[in-house]
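Next comes run-v1.cif, a file with mmCIF, C-alpha atoms.
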data_input
loop_
_atom_site.group_PDB
_atom_site.id
_atom_site.type_symbol
_atom_site.label_atom_id
_atom_site.label_comp_id
_atom_site.auth_asym_id
_atom_site.auth_seq_id
_atom_site.Cartn_x
_atom_site.Cartn_y
_atom_site.Cartn_z
ATOM 1 C CA MET W 1 -4.719 -20.491 -0.383
ATOM 2 C CA LYS W 2 -7.732 -20.052 -2.641
ATOM 3 C CA ALA W 3 -7.709 -17.071 -4.965
ATOM 4 C CA LYS W 4 -10.810 -15.532 -3.408
ATOM 5 C CA LEU W 5 -8.964 -15.180 -0.095
ATOM 6 C CA LEU W 6 -6.287 -13.104 -1.777
ATOM 7 C CA VAL W 7 -8.562 -10.625 -3.465
ATOM 8 C CA THR W 8 -8.633 -8.132 -0.601
ATOM 9 C CA SER W 9 -4.885 -7.630 -0.883
ATOM 10 C CA LEU W 10 -5.026 -7.408 -4.662
ATOM 11 C CA VAL W 11 -7.951 -5.116 -5.375
ATOM 12 C CA PHE W 12 -7.025 -1.766 -6.879
ATOM 13 C CA MET W 13 -7.917 0.846 -4.292
ATOM 14 C CA SER W 14 -10.646 3.000 -5.810
ATOM 15 C CA THR W 15 -9.708 6.495 -4.749
ATOM 16 C CA THR W 16 -11.763 8.911 -6.785
ATOM 17 C CA ALA W 17 -10.108 11.605 -8.810
ATOM 18 C CA ALA W 18 -12.618 14.342 -8.088
ATOM 19 C CA ALA W 19 -11.122 17.780 -8.530
ATOM 20 C CA PHE W 20 -10.371 19.966 -5.521
ATOM 21 C CA THR W 21 -12.526 23.004 -4.819
ATOM 22 C CA ASP W 22 -10.907 26.382 -4.395
ATOM 23 C CA THR W 23 -10.852 25.899 -0.615
ATOM 24 C CA ASN W 24 -8.849 22.678 -0.840
ATOM 25 C CA LYS W 25 -5.095 22.907 -0.680
ATOM 26 C CA ALA W 26 -2.419 20.373 -1.496
ATOM 27 C CA VAL W 27 -0.551 18.933 1.458
ATOM 28 C CA ASN W 28 2.914 20.285 2.047
ATOM 29 C CA ASP W 29 6.112 18.453 1.185
ATOM 30 C CA ASN W 30 6.544 17.275 4.776
ATOM 31 C CA ILE W 31 3.535 14.970 4.443
ATOM 32 C CA ILE W 32 4.992 13.239 1.389
ATOM 33 C CA THR W 33 8.377 13.000 3.128
ATOM 34 C CA GLU W 34 6.705 11.393 6.147
ATOM 35 C CA GLN W 35 4.862 8.916 3.919
ATOM 36 C CA ARG W 36 8.093 7.925 2.221
ATOM 37 C CA ALA W 37 9.782 7.506 5.610
ATOM 38 C CA ALA W 38 6.903 5.303 6.785
ATOM 39 C CA LEU W 39 7.195 3.194 3.632
ATOM 40 C CA ALA W 40 10.917 2.727 4.239
ATOM 41 C CA LYS W 41 10.329 1.782 7.899
ATOM 42 C CA ASN W 42 7.461 -0.585 7.159
ATOM 43 C CA THR W 43 9.395 -2.456 4.478
ATOM 44 C CA ASN W 44 12.883 -2.447 5.985
ATOM 45 C CA GLY W 45 14.200 -5.971 6.442
ATOM 46 C CA LYS W 46 10.841 -7.580 5.663
ATOM 47 C CA GLY W 47 11.718 -8.997 2.275
ATOM 48 C CA PHE W 48 9.460 -6.890 0.077
ATOM 49 C CA GLY W 49 10.193 -7.031 -3.616
ATOM 50 C CA PRO W 50 10.679 -4.011 -5.886
ATOM 51 C CA GLN W 51 7.870 -1.483 -5.877
ATOM 52 C CA SER W 52 6.015 0.673 -8.408
ATOM 53 C CA PRO W 53 5.590 3.330 -9.776
ATOM 54 C CA ARG W 54 9.011 4.693 -10.606
ATOM 55 C CA ASP W 55 10.950 7.035 -12.869
ATOM 56 C CA ILE W 56 11.283 5.036 -16.090
ATOM 57 C CA ASP W 57 14.140 7.260 -17.266
ATOM 58 C CA ASN W 58 16.320 6.000 -14.396
ATOM 59 C CA LEU W 59 16.305 2.225 -14.065
ATOM 60 C CA THR W 60 18.742 1.854 -11.188
ATOM 61 C CA GLY W 61 17.897 0.203 -7.905
ATOM 62 C CA ASN W 62 19.238 -1.955 -5.067
ATOM 63 C CA ASN W 63 16.354 -4.349 -4.441
ATOM 64 C CA GLN W 64 17.624 -7.908 -4.742
ATOM 65 C CA ARG W 65 14.306 -9.761 -4.480
ATOM 66 C CA LEU W 66 14.476 -11.142 -7.990
ATOM 67 C CA PHE W 67 11.630 -12.877 -9.771
ATOM 68 C CA GLY W 68 11.183 -14.159 -13.270
ATOM 69 C CA LEU W 69 9.734 -11.665 -15.712
ATOM 70 C CA ALA W 70 6.296 -12.546 -16.997
ATOM 71 C CA PRO W 71 5.867 -13.763 -20.579
ATOM 72 C CA GLU W 72 5.010 -11.341 -23.360
ATOM 73 C CA TYR W 73 1.452 -10.113 -22.943
ATOM 74 C CA THR W 74 0.465 -11.861 -26.179
ATOM 75 C CA GLN W 75 1.059 -15.137 -24.316
ATOM 76 C CA MET W 76 -1.088 -14.134 -21.332
ATOM 77 C CA ASN W 77 -4.751 -13.361 -20.687
ATOM 78 C CA LEU W 78 -5.954 -9.787 -20.384
ATOM 79 C CA CYS W 79 -7.772 -9.738 -17.058
ATOM 80 C CA ASN W 80 -8.442 -6.080 -16.218
ATOM 81 C CA ILE W 81 -8.275 -2.548 -17.601
ATOM 82 C CA HIS W 82 -8.421 0.530 -15.389
ATOM 83 C CA PHE W 83 -6.773 3.941 -15.282
ATOM 84 C CA HIS W 84 -5.387 6.563 -12.917
ATOM 85 C CA LYS W 85 -5.873 10.322 -13.165
ATOM 86 C CA ASN W 86 -2.408 11.691 -13.924
ATOM 87 C CA ALA W 87 0.456 9.331 -14.662
ATOM 88 C CA GLU W 88 1.722 7.255 -11.744
ATOM 89 C CA HIS W 89 5.035 6.747 -13.529
ATOM 90 C CA LYS W 90 7.407 9.565 -14.386
ATOM 91 C CA GLY W 91 9.474 9.764 -17.542
ATOM 92 C CA GLY W 92 9.332 10.062 -21.296
ATOM 93 C CA GLU W 93 6.699 12.645 -22.258
ATOM 94 C CA PHE W 94 5.139 12.810 -18.782
ATOM 95 C CA THR W 95 7.540 14.390 -16.321
ATOM 96 C CA THR W 96 5.521 17.450 -15.244
ATOM 97 C CA TYR W 97 4.692 17.040 -11.553
ATOM 98 C CA VAL W 98 1.167 18.274 -10.856
ATOM 99 C CA GLY W 99 1.669 18.628 -7.098
ATOM 100 C CA ASN W 100 1.309 16.722 -3.837
ATOM 101 C CA GLY W 101 -2.472 16.578 -3.967
ATOM 102 C CA ASP W 102 -4.361 15.578 -0.832
ATOM 103 C CA GLY W 103 -1.798 13.005 0.337
ATOM 104 C CA LYS W 104 -4.313 10.247 -0.481
ATOM 105 C CA GLY W 105 -3.693 9.879 -4.194
ATOM 106 C CA ASN W 106 -5.914 12.639 -5.555
ATOM 107 C CA ASN W 107 -4.542 15.483 -7.714
ATOM 108 C CA THR W 108 -0.989 14.183 -7.714
ATOM 109 C CA GLY W 109 1.220 12.374 -10.214
ATOM 110 C CA TYR W 110 2.644 13.467 -13.543
ATOM 111 C CA ALA W 111 1.187 15.171 -16.601
ATOM 112 C CA TYR W 112 1.875 15.303 -20.316
ATOM 113 C CA ASN W 113 4.718 17.693 -21.098
ATOM 114 C CA GLY W 114 3.460 18.818 -24.494
ATOM 115 C CA LYS W 115 1.299 21.705 -25.654
ATOM 116 C CA LEU W 116 -2.350 21.434 -26.613
ATOM 117 C CA SER W 117 -4.383 23.798 -28.774
ATOM 118 C CA LYS W 118 -7.248 25.945 -27.497
ATOM 119 C CA ALA W 119 -9.644 23.762 -29.459
ATOM 120 C CA GLU W 120 -8.299 20.609 -27.832
ATOM 121 C CA LEU W 121 -8.650 22.231 -24.416
ATOM 122 C CA LYS W 122 -12.262 23.284 -24.932
ATOM 123 C CA PRO W 123 -14.094 22.433 -21.675
ATOM 124 C CA PHE W 124 -15.934 19.137 -21.677
ATOM 125 C CA ASN W 125 -19.355 19.154 -20.062
ATOM 126 C CA ASN W 126 -20.263 15.844 -18.487
ATOM 127 C CA LYS W 127 -21.706 15.769 -14.983
ATOM 128 C CA ASN W 128 -20.848 12.085 -14.647
ATOM 129 C CA SER W 129 -17.098 12.580 -15.039
ATOM 130 C CA ALA W 130 -14.534 14.484 -12.977
ATOM 131 C CA LEU W 131 -12.169 14.427 -15.929
ATOM 132 C CA GLN W 132 -11.529 17.488 -18.054
ATOM 133 C CA SER W 133 -9.873 18.341 -21.348
ATOM 134 C CA GLY W 134 -6.102 18.472 -20.922
ATOM 135 C CA ASP W 135 -6.019 15.854 -18.157
ATOM 136 C CA THR W 136 -3.471 13.053 -18.313
ATOM 137 C CA ILE W 137 -4.419 9.460 -17.528
ATOM 138 C CA GLU W 138 -2.321 6.325 -17.149
ATOM 139 C CA VAL W 139 -4.071 3.198 -18.412
ATOM 140 C CA HIS W 140 -3.146 -0.226 -17.047
ATOM 141 C CA TYR W 141 -3.853 -3.214 -19.257
ATOM 142 C CA VAL W 142 -3.367 -6.002 -16.712
ATOM 143 C CA HIS W 143 -2.449 -9.521 -17.860
ATOM 144 C CA THR W 144 -2.188 -12.860 -16.065
ATOM 145 C CA THR W 145 -0.972 -16.386 -16.732
ATOM 146 C CA ALA W 146 -4.125 -17.715 -15.047
ATOM 147 C CA ASN W 147 -6.862 -19.181 -17.232
ATOM 148 C CA VAL W 148 -9.429 -16.430 -16.667
ATOM 149 C CA LYS W 149 -11.510 -13.951 -18.611
ATOM 150 C CA PRO W 150 -11.421 -10.145 -18.229
ATOM 151 C CA GLY W 151 -13.367 -8.682 -15.321
ATOM 152 C CA PRO W 152 -13.468 -6.181 -12.441
ATOM 153 C CA THR W 153 -10.428 -5.541 -10.176
ATOM 154 C CA LEU W 154 -7.266 -7.561 -9.840
ATOM 155 C CA GLY W 155 -9.377 -10.352 -8.415
ATOM 156 C CA ALA W 156 -10.221 -11.166 -12.046
ATOM 157 C CA CYS W 157 -6.546 -12.020 -12.582
ATOM 158 C CA LEU W 158 -6.642 -14.959 -10.152
ATOM 159 C CA SER W 159 -8.258 -18.355 -10.211
ATOM 160 C CA ASP W 160 -8.706 -21.215 -7.772
ATOM 161 C CA SER W 161 -6.391 -23.245 -10.022
ATOM 162 C CA ILE W 162 -3.474 -20.775 -9.858
ATOM 163 C CA GLY W 163 -3.148 -18.726 -6.686
ATOM 164 C CA ASN W 164 0.131 -17.076 -7.684
ATOM 165 C CA PRO W 165 -0.044 -16.329 -11.414
ATOM 166 C CA GLN W 166 2.530 -14.187 -13.134
ATOM 167 C CA LEU W 167 1.253 -10.668 -13.738
ATOM 168 C CA ARG W 168 2.155 -8.107 -16.372
ATOM 169 C CA VAL W 169 0.887 -4.560 -16.859
ATOM 170 C CA GLU W 170 1.086 -3.013 -20.300
ATOM 171 C CA THR W 171 0.971 0.717 -19.625
ATOM 172 C CA GLN W 172 -0.010 3.609 -21.876
ATOM 173 C CA VAL W 173 -0.312 7.266 -20.895
ATOM 174 C CA TYR W 174 -2.975 9.304 -22.692
ATOM 175 C CA VAL W 175 -3.861 12.999 -22.701
ATOM 176 C CA LEU W 176 -7.543 13.875 -22.970
ATOM 177 C CA VAL W 177 -8.563 16.319 -25.703
ATOM 178 C CA ASN W 178 -11.927 17.670 -26.841
ATOM 179 C CA ASP W 179 -11.411 16.495 -30.395
ATOM 180 C CA ASN W 180 -13.499 13.926 -32.250
ATOM 181 C CA SER W 181 -10.563 13.147 -34.541
ATOM 182 C CA ALA W 182 -8.403 11.957 -31.609
ATOM 183 C CA GLN W 183 -8.175 8.296 -30.647
ATOM 184 C CA ASP W 184 -11.343 6.570 -29.445
ATOM 185 C CA PHE W 185 -10.927 5.112 -25.949
ATOM 186 C CA GLU W 186 -13.502 2.407 -26.525
ATOM 187 C CA TYR W 187 -11.471 1.266 -29.533
ATOM 188 C CA LEU W 188 -8.239 1.373 -27.511
ATOM 189 C CA THR W 189 -9.750 -0.912 -24.858
ATOM 190 C CA GLU W 190 -11.383 -3.445 -27.178
ATOM 191 C CA TYR W 191 -10.488 -7.058 -26.511
ATOM 192 C CA THR W 192 -11.119 -10.449 -28.033
ATOM 193 C CA LYS W 193 -9.819 -13.985 -27.774
ATOM 194 C CA LYS W 194 -6.817 -14.468 -30.029
ATOM 195 C CA SER W 195 -4.680 -17.606 -30.301
ATOM 196 C CA GLY W 196 -6.325 -18.927 -27.153
ATOM 197 C CA TYR W 197 -5.737 -15.808 -25.019
ATOM 198 C CA TYR W 198 -7.897 -12.793 -24.192
ATOM 199 C CA GLN W 199 -6.097 -9.853 -25.772
ATOM 200 C CA ALA W 200 -6.467 -6.078 -25.840
ATOM 201 C CA VAL W 201 -6.014 -5.823 -29.579
ATOM 202 C CA ASN W 202 -5.558 -2.063 -29.995
ATOM 203 C CA ILE W 203 -2.855 -1.113 -27.485
ATOM 204 C CA PRO W 204 -0.803 1.574 -29.290
ATOM 205 C CA THR W 205 2.333 0.335 -31.007
ATOM 206 C CA ASN W 206 3.700 3.745 -32.028
ATOM 207 C CA THR W 207 4.465 5.288 -28.625
ATOM 208 C CA GLY W 208 8.078 4.195 -28.225
ATOM 209 C CA LYS W 209 9.763 1.023 -27.044
ATOM 210 C CA PRO W 210 8.190 0.021 -23.717
ATOM 211 C CA ILE W 211 10.415 0.374 -20.663
ATOM 212 C CA GLN W 212 10.307 -2.970 -18.866
ATOM 213 C CA TYR W 213 11.079 -3.501 -15.184
ATOM 214 C CA ALA W 214 10.170 -5.640 -12.182
ATOM 215 C CA GLY W 215 7.813 -3.978 -9.718
ATOM 216 C CA SER W 216 4.534 -4.286 -7.835
ATOM 217 C CA THR W 217 0.914 -3.216 -7.830
ATOM 218 C CA THR W 218 0.281 0.500 -7.301
ATOM 219 C CA GLY W 219 -2.381 2.818 -5.870
ATOM 220 C CA PRO W 220 -2.282 5.208 -2.892
ATOM 221 C CA SER W 221 -3.073 2.472 -0.345
ATOM 222 C CA TYR W 222 0.612 1.588 -0.675
ATOM 223 C CA ASN W 223 2.010 5.060 0.089
ATOM 224 C CA GLU W 224 3.133 3.821 3.510
ATOM 225 C CA GLN W 225 2.991 0.038 3.045
ATOM 226 C CA GLY W 226 4.767 -2.254 0.637
ATOM 227 C CA SER W 227 2.803 -4.074 -2.040
ATOM 228 C CA PRO W 228 3.364 -7.853 -1.789
ATOM 229 C CA LEU W 229 2.575 -8.552 -5.456
ATOM 230 C CA GLN W 230 5.217 -9.156 -8.105
ATOM 231 C CA VAL W 231 4.420 -7.470 -11.407
ATOM 232 C CA THR W 232 6.304 -7.111 -14.675
ATOM 233 C CA TRP W 233 5.770 -3.618 -16.085
ATOM 234 C CA SER W 234 6.025 -2.359 -19.658
ATOM 235 C CA VAL W 235 5.602 1.416 -19.752
ATOM 236 C CA ARG W 236 5.449 3.210 -23.080
ATOM 237 C CA PRO W 237 7.364 6.525 -22.944
ATOM 238 C CA GLN W 238 5.282 8.516 -25.432
ATOM 239 C CA VAL W 239 1.776 9.907 -25.006
ATOM 240 C CA THR W 240 -1.256 9.551 -27.297
ATOM 241 C CA LYS W 241 -4.179 11.955 -27.521
ATOM 242 C CA VAL W 242 -7.598 10.444 -26.822
ATOM 243 C CA ASN W 243 -11.051 11.957 -27.288
ATOM 244 C CA ILE W 244 -12.391 12.798 -23.817
ATOM 245 C CA SER W 245 -15.997 12.032 -24.780
ATOM 246 C CA SER W 246 -15.032 8.446 -25.604
ATOM 247 C CA VAL W 247 -13.496 8.066 -22.138
ATOM 248 C CA ALA W 248 -16.735 9.295 -20.564
ATOM 249 C CA GLU W 249 -18.698 6.805 -22.657
ATOM 250 C CA TRP W 250 -16.404 3.955 -21.554
ATOM 251 C CA LEU W 251 -16.790 4.924 -17.909
ATOM 252 C CA ALA W 252 -20.564 4.821 -18.309
ATOM 253 C CA GLU W 253 -20.439 1.163 -19.384
ATOM 254 C CA ASN W 254 -17.567 -1.311 -19.543
ATOM 255 C CA ASP W 255 -16.861 -4.938 -18.664
ATOM 256 C CA PHE W 256 -14.559 -3.933 -15.793
ATOM 257 C CA GLU W 257 -17.166 -1.989 -13.810
ATOM 258 C CA GLU W 258 -14.916 1.061 -13.867
ATOM 259 C CA ASP W 259 -16.736 4.363 -13.360
ATOM 260 C CA HIS W 260 -13.979 6.745 -12.251
ATOM 261 C CA ALA W 261 -10.241 7.310 -12.342
ATOM 262 C CA HIS W 262 -8.128 5.739 -9.594
ATOM 263 C CA GLY W 263 -5.752 7.603 -7.313
ATOM 264 C CA VAL W 264 -1.987 7.758 -7.695
ATOM 265 C CA ARG W 265 0.654 6.196 -5.473
ATOM 266 C CA ASN W 266 3.639 8.365 -4.565
ATOM 267 C CA LEU W 267 6.560 7.843 -6.904
ATOM 268 C CA VAL W 268 8.890 5.287 -5.330
ATOM 269 C CA THR W 269 12.362 6.801 -5.022
ATOM 270 C CA ASN W 270 13.999 4.632 -2.324
ATOM 271 C CA PRO W 271 16.738 2.630 -4.135
ATOM 272 C CA ASP W 272 16.174 -0.284 -1.745
ATOM 273 C CA LEU W 273 12.632 -0.581 -3.101
ATOM 274 C CA LEU W 274 13.553 -0.361 -6.779
ATOM 275 C CA SER W 275 14.794 -3.045 -9.151
ATOM 276 C CA SER W 276 17.602 -2.568 -11.609
ATOM 277 C CA GLY W 277 16.341 -2.152 -15.167
ATOM 278 C CA HIS W 278 16.047 -4.772 -17.868
#
Structure translated into structure tokens:
Amino acid sequence: MKAKLLVTSLVFMSTTAAAFTDTNKAVNDNIITEQRAALAKNTNGKGFGPQSPRDIDNLTGNNQRLFGLAPEYTQMNLCNIHFHKNAEHKGGEFTTYVGNGDGKGNNTGYAYNGKLSKAELKPFNNKNSALQSGDTIEVHYVHTTANVKPGPTLGACLSDSIGNPQLRVETQVYVLVNDNSAQDFEYLTEYTKKSGYYQAVNIPTNTGKPIQYAGSTTGPSYNEQGSPLQVTWSVRPQVTKVNISSVAEWLAENDFEEDHAHGVRNLVTNPDLLSSGH
């Protein structure tokens, strides 16, 4: 099957992360319970592989659909960069649950556990961004074994030559601060061709040993359905502060056509949908 026919099942679902108004309320726990029950029913006995996101502090699981882990990202091509508002994964320095949100991926997920100063939390005024100082984001640096160049959506990770490339997501959680001395997001997302591969050359290396596991693609479109994609994840457990103005500048113009934060898939807790750790 040609790669272009697969794109619809691979594209990251672009749920906006616009903040709720005062009249909006988070759905109750029963809605999330029902979504998890639907996910279990819709995947039961159908051969789905392990799913994502998960608690990276607990790498136990019963899913036996094994697949070979992808190579190190330095031996793959960077194909996409995007991010989610709030962390999709739980663990390390991001275990604070922000709530159920709207049941569609907005205003849910996990936040940075640490404390920020009043200066860092100074409100950021940018009408083009729903993000605010103090927000947590989870950035996905997506890599593929296909011979491609970086571009928009997961469709950029496929080619007509390889319809089933191995995929790896290098994951870093950031907290947004109103501080010009914090990390620059445009720097953190720079890429170039190195040793024959497109590489994100400034992924942090000081945020703890990445937790590696076998999983899937994410996003709230999979709250009740299993993702069919096999993905090797490397999730760094520590958080880095990033200057919020640099994130806004990146959203205004980038090679991935990203202009907003993506929604968050419910944390996968069903042991039958989780791999055992590596």
Exercise. What gap, in Å, lies between atom CA of Thr96 of chain W and atom CA of Gly109 of chain W?
Worked result: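 Computed distance, atom CA of Thr96 of chain W to atom CA of Gly109 of chain W, equals 8.3 Å.
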Problem set entry | Picked residues, the PyMOL selection byres ((chain W and resi 131-141) around 6), expected as a count of residues only | 24
Exercise. Suppose you want the space between atom CA of Met76 of chain W and atom CA of Tyr213 of chain W; what is it in Å?
Worked result: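 Atom-to-atom, atom CA of Met76 of chain W and atom CA of Tyr213 of chain W are spaced 17.3 Å apart.
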Problem set entry | Nearby residues, (5.6, -9.7, 7.3) file frame, 12 Å, only C-alpha atoms, as number ranges by chain | W: 42-48, 225-228
Export of prior selection with C-alpha atoms as a short mmCIF file (atom, residue, chain, number, x, y, z; two decimals), in the frame of the given file:
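The file below, selection_20.cif, is the result:
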data_model
loop_
_atom_site.label_atom_id
_atom_site.label_comp_id
_atom_site.auth_asym_id
_atom_site.auth_seq_id
_atom_site.Cartn_x
_atom_site.Cartn_y
_atom_site.Cartn_z
CA ASN W 42 7.46 -0.58 7.16
CA THR W 43 9.40 -2.46 4.48
CA ASN W 44 12.88 -2.45 5.98
CA GLY W 45 14.20 -5.97 6.44
CA LYS W 46 10.84 -7.58 5.66
CA GLY W 47 11.72 -9.00 2.28
CA PHE W 48 9.46 -6.89 0.08
CA GLN W 225 2.99 0.04 3.04
CA GLY W 226 4.77 -2.25 0.64
CA SER W 227 2.80 -4.07 -2.04
CA PRO W 228 3.36 -7.85 -1.79
#
Problem set entry | 9 Å contact set for Gln212 of chain W, all atoms listed in the file, chain neighbours under 5 positions out, as a list in words | Ile56, Thr232, Trp233, Ser234, Val235, Arg236, Gly277 and His278 of chain W
Exercise. How many Å lie between atom CA of Ile162 of chain W and atom CA of Ser276 of chain W, rounded to one decimal?
Worked result: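 Pair atom CA of Ile162 of chain W / atom CA of Ser276 of chain W returns 27.9 Å.
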Exercise. Which one of W:Gly103, W:Glu186, W:Asn202, W:Leu267 sits closest to Asn254 of chain W if you count only C-alpha atoms?
Worked result: W:Glu186
Exercise. Written as a VMD selection string, what is the full residue list that the PyMOL selection byres ((chain W and resi 201) around 8) yields on the file shown?
Worked result: chain W and resid 188 to 192 199 to 200 202 to 203
Problem set entry | Given all atoms listed in the file as the counted atoms, nearest of W:Ala214, W:Val242, W:Ile32, W:Ala182 to Gly61 of chain W | W:Ala214
Problem set entry | Given the PyMOL selection byres ((chain W and resi 180) around 12), the residues it picks as a list of chain:residue names |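 So the PyMOL selection byres ((chain W and resi 180) around 12) ends up selecting W:Ala119, W:Glu120, W:Lys122, W:Leu176, W:Val177, W:Asn178, W:Asp179, W:Ser181, W:Ala182, W:Gln183, W:Asp184, W:Phe185, W:Lys241, W:Val242, W:Asn243, W:Ile244, W:Ser245, W:Ser246, W:Val247.
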Exercise. Quick one: of W:Thr95, W:Thr205, W:Asn62, W:Thr145, who's nearest to Asn77 of chain W, counting only C-alpha atoms?
Worked result: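 Between W:Thr95, W:Thr205, W:Asn62, W:Thr145, the residue approaching Asn77 of chain W most closely is W:Thr145.
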Problem set entry | Thr144 of chain W surroundings by only C-alpha atoms, 9 Å radius, close-in-sequence under 4 positions cut, as a PyMOL selection string | chain W and resi 70+73+76-79+148+157-158+165-169
